[in-house]
Structures are given as C-alpha cells and as structure tokens.
>>> print(open('upload_10.txt').read())   # compact mmCIF, C-alpha atoms and all ligand atoms
# COMPACT_ATOMS: atom_id res chain seq x y z
CA MET V 1 -10.86 32.42 -11.86
CA LYS V 2 -11.70 29.17 -10.08
CA LYS V 3 -15.33 28.12 -10.51
CA LEU V 4 -17.06 27.26 -7.25
CA PHE V 5 -19.53 24.41 -6.66
CA GLY V 6 -20.82 22.57 -3.63
CA VAL V 7 -23.46 20.55 -1.87
CA ILE V 8 -25.80 21.80 0.88
CA GLY V 9 -27.43 19.49 3.43
CA ASP V 10 -27.81 18.63 7.10
CA PRO V 11 -25.96 16.42 7.92
CA ILE V 12 -23.32 16.75 5.21
CA ALA V 13 -19.99 15.57 6.66
CA HIS V 14 -20.18 12.10 5.08
CA SER V 15 -21.13 13.22 1.57
CA MET V 16 -19.09 11.44 -1.09
CA SER V 17 -19.85 14.09 -3.71
CA PRO V 18 -16.87 16.40 -2.99
CA VAL V 19 -14.23 13.75 -3.65
CA MET V 20 -16.08 12.51 -6.74
CA HIS V 21 -16.48 15.98 -8.31
CA ASN V 22 -13.07 17.36 -7.34
CA ASP V 23 -11.42 14.33 -8.93
CA ALA V 24 -13.44 14.91 -12.13
CA PHE V 25 -12.36 18.58 -12.23
CA ALA V 26 -8.72 17.51 -11.91
CA GLN V 27 -9.06 14.82 -14.60
CA LEU V 28 -10.67 17.22 -17.06
CA ASP V 29 -8.34 20.12 -16.28
CA ILE V 30 -11.26 22.27 -15.20
CA ASP V 31 -10.35 24.98 -12.68
CA GLY V 32 -13.18 24.15 -10.29
CA ALA V 33 -13.68 23.32 -6.62
CA TYR V 34 -16.60 21.52 -4.93
CA HIS V 35 -17.19 21.96 -1.21
CA PRO V 36 -19.68 20.47 1.31
CA PHE V 37 -21.71 23.14 3.17
CA HIS V 38 -23.56 22.32 6.37
CA VAL V 39 -26.79 24.35 6.05
CA LYS V 40 -29.57 24.11 8.64
CA ALA V 41 -33.20 24.36 7.52
CA ASP V 42 -33.59 27.83 9.07
CA ASP V 43 -30.62 29.12 7.07
CA LEU V 44 -31.61 27.71 3.69
CA ALA V 45 -32.87 30.95 2.12
CA ALA V 46 -29.83 32.90 3.32
CA ALA V 47 -27.50 30.21 1.97
CA VAL V 48 -29.17 30.12 -1.47
CA HIS V 49 -29.07 33.92 -1.81
CA GLY V 50 -25.56 34.11 -0.43
CA MET V 51 -24.23 31.57 -2.90
CA LYS V 52 -25.66 33.62 -5.73
CA ALA V 53 -24.07 36.78 -4.36
CA ILE V 54 -20.60 35.27 -4.08
CA GLY V 55 -20.71 33.82 -7.59
CA VAL V 56 -21.12 30.06 -6.97
CA GLU V 57 -21.74 28.38 -10.36
CA GLY V 58 -23.91 25.52 -9.17
CA PHE V 59 -24.58 23.17 -6.30
CA ASN V 60 -26.23 19.95 -5.21
CA VAL V 61 -28.99 19.80 -2.65
CA THR V 62 -29.51 16.92 -0.28
CA ILE V 63 -31.56 15.95 2.77
CA PRO V 64 -33.49 17.83 4.17
CA HIS V 65 -33.61 20.65 1.57
CA LYS V 66 -34.68 18.99 -1.70
CA ALA V 67 -38.33 20.15 -1.51
CA ALA V 68 -37.86 23.31 0.58
CA ILE V 69 -35.48 24.86 -1.95
CA ILE V 70 -38.05 24.95 -4.77
CA PRO V 71 -39.70 28.30 -3.87
CA LEU V 72 -36.24 29.87 -3.44
CA LEU V 73 -35.17 29.23 -7.06
CA ASP V 74 -35.76 31.45 -10.09
CA HIS V 75 -36.70 28.57 -12.43
CA VAL V 76 -37.51 24.90 -11.89
CA ASP V 77 -37.35 22.24 -14.58
CA PRO V 78 -40.85 20.71 -15.17
CA LEU V 79 -39.80 17.15 -14.23
CA ALA V 80 -38.19 18.38 -10.99
CA ARG V 81 -41.33 20.36 -10.23
CA ALA V 82 -43.53 17.31 -10.81
CA ILE V 83 -41.26 15.20 -8.59
CA GLY V 84 -41.36 17.97 -5.99
CA ALA V 85 -37.61 17.79 -5.34
CA VAL V 86 -34.49 19.48 -6.67
CA ASN V 87 -31.03 17.95 -6.21
CA THR V 88 -29.07 20.08 -8.68
CA VAL V 89 -29.01 23.86 -9.06
CA VAL V 90 -27.34 25.58 -12.01
CA ARG V 91 -26.51 29.26 -12.51
CA GLU V 92 -28.08 30.15 -15.86
CA ASN V 93 -27.81 33.79 -17.00
CA GLY V 94 -27.34 34.92 -13.44
CA SER V 95 -30.35 33.09 -12.05
CA TRP V 96 -30.79 29.75 -10.27
CA THR V 97 -32.46 26.88 -12.17
CA GLY V 98 -33.31 23.68 -10.31
CA TYR V 99 -33.22 20.16 -11.77
CA ASN V 100 -33.68 16.65 -10.48
CA THR V 101 -30.96 14.28 -11.68
CA ASP V 102 -31.80 11.52 -9.16
CA GLY V 103 -34.51 9.94 -11.32
CA ALA V 104 -32.55 10.42 -14.55
CA GLY V 105 -29.42 9.07 -12.84
CA PHE V 106 -31.30 5.96 -11.79
CA VAL V 107 -32.77 5.43 -15.26
CA ARG V 108 -29.33 5.85 -16.94
CA GLY V 109 -27.85 3.25 -14.61
CA LEU V 110 -30.76 0.90 -15.22
CA GLN V 111 -30.55 1.28 -18.99
CA GLU V 112 -26.80 0.65 -18.95
CA ALA V 113 -27.09 -2.56 -16.93
CA TYR V 114 -30.38 -3.86 -18.33
CA GLY V 115 -29.37 -3.60 -21.94
CA GLY V 116 -32.63 -3.75 -23.92
CA PRO V 117 -35.53 -1.28 -24.18
CA LEU V 118 -37.58 -0.75 -21.03
CA GLU V 119 -40.89 0.36 -22.60
CA GLU V 120 -42.74 -2.96 -22.66
CA LYS V 121 -41.27 -4.45 -19.49
CA ARG V 122 -43.29 -5.33 -16.41
CA VAL V 123 -41.90 -2.98 -13.76
CA LEU V 124 -42.52 -2.92 -9.99
CA VAL V 125 -41.47 -0.01 -7.77
CA ILE V 126 -41.29 -0.76 -4.03
CA GLY V 127 -41.84 2.29 -1.79
CA ALA V 128 -43.62 5.61 -2.21
CA GLY V 129 -41.29 8.26 -0.74
CA GLY V 130 -39.24 10.95 -2.47
CA ALA V 131 -36.87 8.55 -4.21
CA ALA V 132 -39.78 6.44 -5.52
CA ARG V 133 -41.43 9.58 -6.89
CA ALA V 134 -38.25 10.64 -8.74
CA ILE V 135 -37.81 7.19 -10.28
CA TYR V 136 -41.48 6.53 -11.10
CA TYR V 137 -42.02 9.95 -12.76
CA THR V 138 -38.76 9.81 -14.68
CA LEU V 139 -39.56 6.32 -16.01
CA ALA V 140 -43.04 7.57 -16.97
CA SER V 141 -41.50 10.63 -18.67
CA GLU V 142 -39.29 8.25 -20.66
CA LYS V 143 -42.29 6.37 -22.10
CA VAL V 144 -42.47 3.36 -19.80
CA SER V 145 -46.22 2.84 -20.06
CA ARG V 146 -46.97 0.55 -17.13
CA ILE V 147 -45.49 0.58 -13.64
CA ASP V 148 -46.94 -1.19 -10.61
CA ILE V 149 -46.15 0.30 -7.21
CA ALA V 150 -46.17 -1.41 -3.81
CA ASN V 151 -45.93 0.26 -0.43
CA ARG V 152 -46.57 -0.46 3.24
CA THR V 153 -49.03 2.46 3.24
CA LEU V 154 -51.28 1.90 0.24
CA GLU V 155 -52.67 5.46 0.14
CA LYS V 156 -49.21 6.95 -0.30
CA ALA V 157 -48.57 4.73 -3.32
CA ALA V 158 -52.00 5.57 -4.77
CA SER V 159 -51.42 9.28 -4.36
CA LEU V 160 -47.95 9.07 -5.96
CA ALA V 161 -49.36 7.24 -9.00
CA GLU V 162 -52.39 9.56 -9.31
CA SER V 163 -50.22 12.69 -9.25
CA CYS V 164 -47.93 11.49 -12.04
CA PRO V 165 -48.09 14.12 -14.83
CA TYR V 166 -47.01 11.65 -17.55
CA PRO V 167 -49.28 9.01 -19.13
CA ILE V 168 -48.95 5.80 -17.14
CA THR V 169 -51.03 2.84 -16.01
CA GLY V 170 -50.37 0.26 -13.33
CA ALA V 171 -51.62 -1.36 -10.16
CA VAL V 172 -51.20 -0.05 -6.64
CA LEU V 173 -50.36 -2.96 -4.35
CA THR V 174 -49.80 -3.81 -0.74
CA THR V 175 -46.41 -5.35 -0.06
CA GLU V 176 -48.15 -8.72 0.56
CA GLU V 177 -49.85 -8.56 -2.86
CA ALA V 178 -46.53 -7.65 -4.48
CA GLU V 179 -44.82 -10.61 -2.82
CA LYS V 180 -47.46 -13.01 -4.19
CA GLN V 181 -47.20 -11.81 -7.79
CA LEU V 182 -43.48 -11.02 -7.78
CA GLY V 183 -42.81 -13.64 -10.47
CA GLU V 184 -44.65 -11.45 -13.03
CA TYR V 185 -42.03 -8.70 -13.02
CA ASP V 186 -39.05 -8.23 -15.35
CA ILE V 187 -37.70 -5.26 -13.36
CA ILE V 188 -38.08 -4.66 -9.60
CA ILE V 189 -36.89 -1.37 -8.08
CA GLN V 190 -36.45 -1.03 -4.30
CA THR V 191 -36.61 2.66 -3.27
CA THR V 192 -37.03 2.64 0.53
CA SER V 193 -34.25 2.93 3.09
CA ILE V 194 -35.07 -0.53 4.47
CA GLY V 195 -31.91 -2.66 4.46
CA MET V 196 -29.52 0.27 4.71
CA SER V 197 -26.64 0.05 7.18
CA PRO V 198 -26.80 -0.52 10.13
CA LEU V 199 -30.14 -2.39 9.77
CA ILE V 200 -28.77 -4.68 7.08
CA GLU V 201 -30.94 -7.68 8.03
CA GLU V 202 -34.16 -5.88 7.04
CA CYS V 203 -36.00 -6.38 3.76
CA PRO V 204 -39.20 -4.50 2.73
CA VAL V 205 -40.52 -7.26 0.41
CA SER V 206 -39.61 -10.96 0.35
CA MET V 207 -37.88 -11.99 -2.89
CA GLU V 208 -39.07 -15.60 -2.58
CA ASN V 209 -41.16 -15.50 -5.75
CA VAL V 210 -38.82 -13.48 -7.96
CA LYS V 211 -38.53 -14.75 -11.52
CA GLN V 212 -35.23 -16.25 -12.63
CA GLY V 213 -33.46 -13.70 -14.84
CA ALA V 214 -35.51 -10.77 -13.49
CA PHE V 215 -33.54 -7.56 -12.90
CA VAL V 216 -33.63 -6.31 -9.30
CA SER V 217 -32.25 -2.86 -8.49
CA ASP V 218 -31.90 -1.42 -4.99
CA ILE V 219 -31.19 2.32 -4.55
CA ILE V 220 -29.21 1.59 -1.36
CA TYR V 221 -25.43 1.50 -1.79
CA ASN V 222 -24.41 0.90 1.80
CA PRO V 223 -24.21 -2.06 1.90
CA LEU V 224 -23.62 -2.66 -1.81
CA GLU V 225 -25.55 -5.92 -1.56
CA THR V 226 -28.63 -5.52 0.60
CA LYS V 227 -30.53 -8.49 2.02
CA LEU V 228 -33.15 -7.96 -0.71
CA LEU V 229 -30.49 -8.14 -3.45
CA ASN V 230 -28.86 -11.14 -1.84
CA GLU V 231 -32.20 -13.00 -1.67
CA ALA V 232 -32.95 -12.09 -5.30
CA LYS V 233 -29.50 -13.21 -6.47
CA LYS V 234 -29.91 -16.59 -4.78
CA ARG V 235 -33.05 -17.12 -6.86
CA GLY V 236 -31.34 -16.38 -10.16
CA ALA V 237 -32.13 -12.68 -10.56
CA ARG V 238 -29.65 -10.13 -11.91
CA ILE V 239 -28.95 -7.46 -9.31
CA GLN V 240 -27.78 -3.84 -9.18
CA SER V 241 -26.86 -1.67 -6.17
CA GLY V 242 -27.60 2.05 -5.75
CA LEU V 243 -24.02 2.98 -6.58
CA LYS V 244 -24.81 3.57 -10.25
CA MET V 245 -27.70 5.90 -9.40
CA PHE V 246 -25.48 7.91 -7.06
CA VAL V 247 -22.68 8.18 -9.60
CA TYR V 248 -24.97 9.03 -12.54
CA GLN V 249 -26.91 11.69 -10.62
CA GLY V 250 -23.53 13.31 -9.93
CA ALA V 251 -22.32 12.89 -13.50
CA LEU V 252 -25.50 14.48 -14.88
CA ALA V 253 -25.13 17.42 -12.49
CA PHE V 254 -21.46 17.81 -13.49
CA GLU V 255 -22.48 17.88 -17.15
CA LYS V 256 -25.08 20.57 -16.52
CA TRP V 257 -22.52 22.75 -14.72
CA THR V 258 -19.57 22.32 -17.05
CA GLY V 259 -20.99 21.13 -20.40
CA THR V 260 -18.57 18.18 -20.19
CA ALA V 261 -19.40 14.54 -19.44
CA PRO V 262 -17.08 13.13 -16.76
CA ASP V 263 -15.55 9.64 -16.83
CA ILE V 264 -18.34 7.66 -15.17
CA HIS V 265 -16.20 4.57 -14.48
CA ARG V 266 -13.56 6.61 -12.72
CA MET V 267 -16.26 8.34 -10.66
CA GLU V 268 -17.60 4.93 -9.68
CA GLU V 269 -14.15 3.75 -8.61
CA ILE V 270 -13.60 6.84 -6.49
CA VAL V 271 -16.91 6.28 -4.68
CA LEU V 272 -16.20 2.57 -4.27
CA GLN V 273 -12.87 3.41 -2.64
CA GLN V 274 -14.65 5.72 -0.22
CA LEU V 275 -17.31 3.13 0.54
CA GLY V 276 -14.70 0.44 1.10
CA GLY V 277 -12.77 2.66 3.46
CA LYS V 278 -15.52 3.99 5.63
CA TYR V 279 -19.04 2.80 5.09
CA VAL V 280 -19.60 -0.81 4.09
CA ASN V 281 -19.94 -3.02 7.09
CA ASN V 282 -21.58 -6.13 5.67
P1 LIG V 301 -37.43 9.15 0.91
O1 LIG V 301 -37.96 10.53 0.63
O2 LIG V 301 -35.96 9.14 1.29
O3 LIG V 301 -37.74 8.17 -0.17
P2 LIG V 301 -39.61 8.72 2.75
O4 LIG V 301 -40.42 9.75 2.09
O5 LIG V 301 -39.52 8.76 4.23
O6 LIG V 301 -38.11 8.67 2.25
O7 LIG V 301 -40.16 7.29 2.27
C1 LIG V 301 -39.71 6.16 2.82
C2 LIG V 301 -40.32 4.93 2.14
O8 LIG V 301 -39.89 3.81 2.92
C3 LIG V 301 -41.85 4.89 2.16
O9 LIG V 301 -42.29 4.13 1.05
C4 LIG V 301 -42.10 4.15 3.48
O10 LIG V 301 -43.34 3.48 3.55
P3 LIG V 301 -44.65 4.23 4.15
O11 LIG V 301 -45.14 5.11 3.03
O12 LIG V 301 -45.59 3.14 4.47
O13 LIG V 301 -44.19 5.01 5.34
C5 LIG V 301 -41.02 3.13 3.43
N1 LIG V 301 -40.75 2.60 4.76
C6 LIG V 301 -40.17 3.25 5.79
N2 LIG V 301 -40.05 2.43 6.85
C7 LIG V 301 -40.58 1.23 6.49
C8 LIG V 301 -40.71 -0.05 7.12
N3 LIG V 301 -40.30 -0.26 8.37
N4 LIG V 301 -41.28 -1.06 6.39
C9 LIG V 301 -41.70 -0.87 5.13
N5 LIG V 301 -41.57 0.31 4.47
C10 LIG V 301 -41.02 1.34 5.13
>>> encode(input="upload_10.txt", output="structure tokens", more="lines below")
Ligand code: ATR
Amino acid sequence: MKKLFGVIGDPIAHSMSPVMHNDAFAQLDIDGAYHPFHVKADDLAAAVHGMKAIGVEGFNVTIPHKAAIIPLLDHVDPLARAIGAVNTVVRENGSWTGYNTDGAGFVRGLQEAYGGPLEEKRVLVIGAGGAARAIYYTLASEKVSRIDIANRTLEKAASLAESCPYPITGAVLTTEEAEKQLGEYDIIIQTTSIGMSPLIEECPVSMENVKQGAFVSDIIYNPLETKLLNEAKKRGARIQSGLKMFVYQGALAFEKWTGTAPDIHRMEEIVLQQLGGKYVNN
C-alpha cells in the first residue's frame, strides 16, 4: 500500500518540499506520496490526530506550527525539545516522534562546503530567532565550543545563549559590535529573514570588515545571493546560500521516514529548478 507523507503549514501553497520528496520516492522506487496540507493554527490538534488515524507515516511541519506541535506529539527528540521546534514527525511504533532536522541540515551543508573540522573555528551567528536557535544549539551539540551571537535585540541573543543545554562559551554582541570585530571570524552565519525577497536590498550586518577567506553562510535561498553574501564575496569571503540547509533538512527527514538516504544533488537540482522558475527575482 502506498505510504503517505506530507507537510503542514499556513501558508503552504509555495512549499518546494512536495516536488523534492515525490521525485526522491520515484528515483528510489519507493511507493510513497508527499502532499502539502494547509492547516490553520486552530485545526492543528485535529490535523495531527487525524493523520495518525488515517495511517500517515510521517510529515514535515512549517510556519506557524513548529513550536505549537510539541505538546501534541507522543515523544520529542531532546535536541528538538531544547530548540523548542519540531520540523519532522515520524510514526514510530504507532506513535508520533518529533525531530528537528533544520539545525542538523544546516550543519551538514556547512560541513560539506567548509571542508575542515569546525570545533576550533571562530563562529558568529547573526540573529536570535527560531532558526538561530536551531543552528546554535545543533552546533553546540556537535562540540563547537565557542560561538558568538549578534542580534538587534541584545536580550534575545543573551537568552538564547543562556538557555543552550550544551556546553558552550561565547560573547553576546550588538550588531554594531559584531560589525567592528567581523574580521575575527572564520565562519559567519546569517539566520534572520533580512535580505529575503522582495526586500533584497536589506542587510542585517555590514560585511565591510569580513576577513578574506572567511566562510559566510546565509540561510535565505530566495534570492540565492543575498546582499550580505554579495558584499562578503566582494571582499574575498567564500559564500553559501540557504539552499543546502533546505535540501539537507529534507534529506534528513526522508532518511528518518524511509531508512534510505536520497540523492542530495538531485534534490538540490529539483529545488533550483523550482526557484529559477518561480521565486528568484534578483
Ligand atoms: P525565525 O523564527 O524565522 O528565525 P524570528 O523569531 O521572528 O524568526 O526572528 C527573526 C530574527 O530576525 C531576530 O533575530 C530579529 O531580531 P530581533 O530579535 O531584534 O527582533 C531579526 N530581525 C527581524 N527584523 C529585523 C530588522 N529589521 N533588523 C535586524 N534584525 C531583524
């Protein structure tokens, strides 16, 4: 019988996950189908229970349900609980277990592009929202021992760092302080939505002082090259868009559901095609 998967969110119409996962099922000869479901906040509990009742095998969770779904699940992975957000739900022995593959997806993509070990690198995270939390905690869980964090609202960055359940040290900075000492960092990770289409001329932190050869990663993938990445590139930094994070979070979810690793490069091409067709306007 066909195995059913999906993604729940509001809005959901533009999700690129269905095409990416359905192509992977076809490639791997897995009899599965992945569908986008438009679920309003008030209907979340009914949707989660209903999907269990009709035998859905697993699903992704996106805005605005990533935190709200936690109390509705039977089990939650410790890292996802610490992050406070679930993006992947898996049916395990008839019950729902929640995971967060956003942070792990980002770290996989970073490791692949960066090459060497990350442990001793000077790392700066820009932003202190949900995406920053996933990335910061996952890096900390993977033994990166020092991460500085900069945010427009200093208290939010301080509270994110203080709540980290893994051993970590690092400074909490205003964006102005981060701009001044930007040349100290080997890896800079932009996690806010600033610079995303249509506001593509915005940039949360000036890249003027970035070190030549530093690695700058932006979680935004529309446009693929944000103003921040463009500024960093002009100053000799290596750059990475958010496409890898998106593709790897999906690949890690797919692996949890099926036990099979999909072809990551093909997934990336499928998403690139979709982006080229509909979303990139830079
Ligand atoms: P998400 O959960 O998607 O990461 P979020 O929780 O709304 O989103 O967090 C958004 C991040 O973008 C925060 O770091 C926010 O900074 P504040 O904590 O100061 O609000 C940052 N952000 C949003 N708008 C911004 C702006 N105009 N300039 C600088 N930072 C901004």
>>> closest_residue(input="upload_10.txt", among="V:Ile8, V:Met51, V:Ile135, V:Tyr185", to="Gly109 in chain V", atoms="all atoms listed in the file")
V:Ile135
>>> residues_near_ligand(input="upload_10.txt", ligand="ligand LIG 301 (chain V)", cutoff="9 Å", atoms="all atoms listed in the file", output="PyMOL selection string")
chain V and resi 63+126-134+150-157+175+191-194+202-205
>>> closest_residue(input="upload_10.txt", among="V:Val76, V:Val90, V:Leu228, V:Ala104", to="Phe5 in chain V", atoms="all atoms listed in the file")
V:Val90
>>> residues_near_point(input="upload_10.txt", point="(-26.6, 36.6, -5.3)", cutoff="12 Å", atoms="all atoms listed in the file", output="ChimeraX atom specification")
/V:45-57,72-74,91,94-96
>>> atom_distance(input="upload_10.txt", atom1="CA of Ser15 in chain V", atom2="CA of Ala261 in chain V")
21.1 Å
>>> atom_distance(input="upload_10.txt", atom1="CA of Tyr166 in chain V", atom2="CA of Gln249 in chain V")
21.3 Å
>>> closest_residue(input="upload_10.txt", among="V:Ala237, V:Leu243, V:Ile187, V:Ala33", to="Leu224 in chain V", atoms="all atoms listed in the file")
V:Leu243
>>> atom_distance(input="upload_10.txt", atom1="CA of Gly116 in chain V", atom2="CA of Glu208 in chain V")
25.2 Å
>>> closest_residue(input="upload_10.txt", among="V:Ile239, V:Val123, V:Leu160, V:Ile219", to="Asp186 in chain V", atoms="only C-alpha atoms")
V:Val123
>>> closest_residue(input="upload_10.txt", among="V:His21, V:Thr62, V:Gly32, V:Ala68", to="Arg81 in chain V", atoms="only C-alpha atoms")
V:Ala68
>>> residues_near_point(input="upload_10.txt", point="(-46.3, 12.9, -16.4)", cutoff="9 Å", atoms="only C-alpha atoms", output="VMD selection string")
chain V and resid 79 82 137 to 138 140 to 141 163 to 168
>>> residues_around(input="upload_10.txt", residues="Ala80 in chain V", least_positions_apart="5", cutoff="6 Å", atoms="only C-alpha atoms", output="list of chain:residue names")
V:Ala85, V:Val86, V:Tyr99, V:Asn100
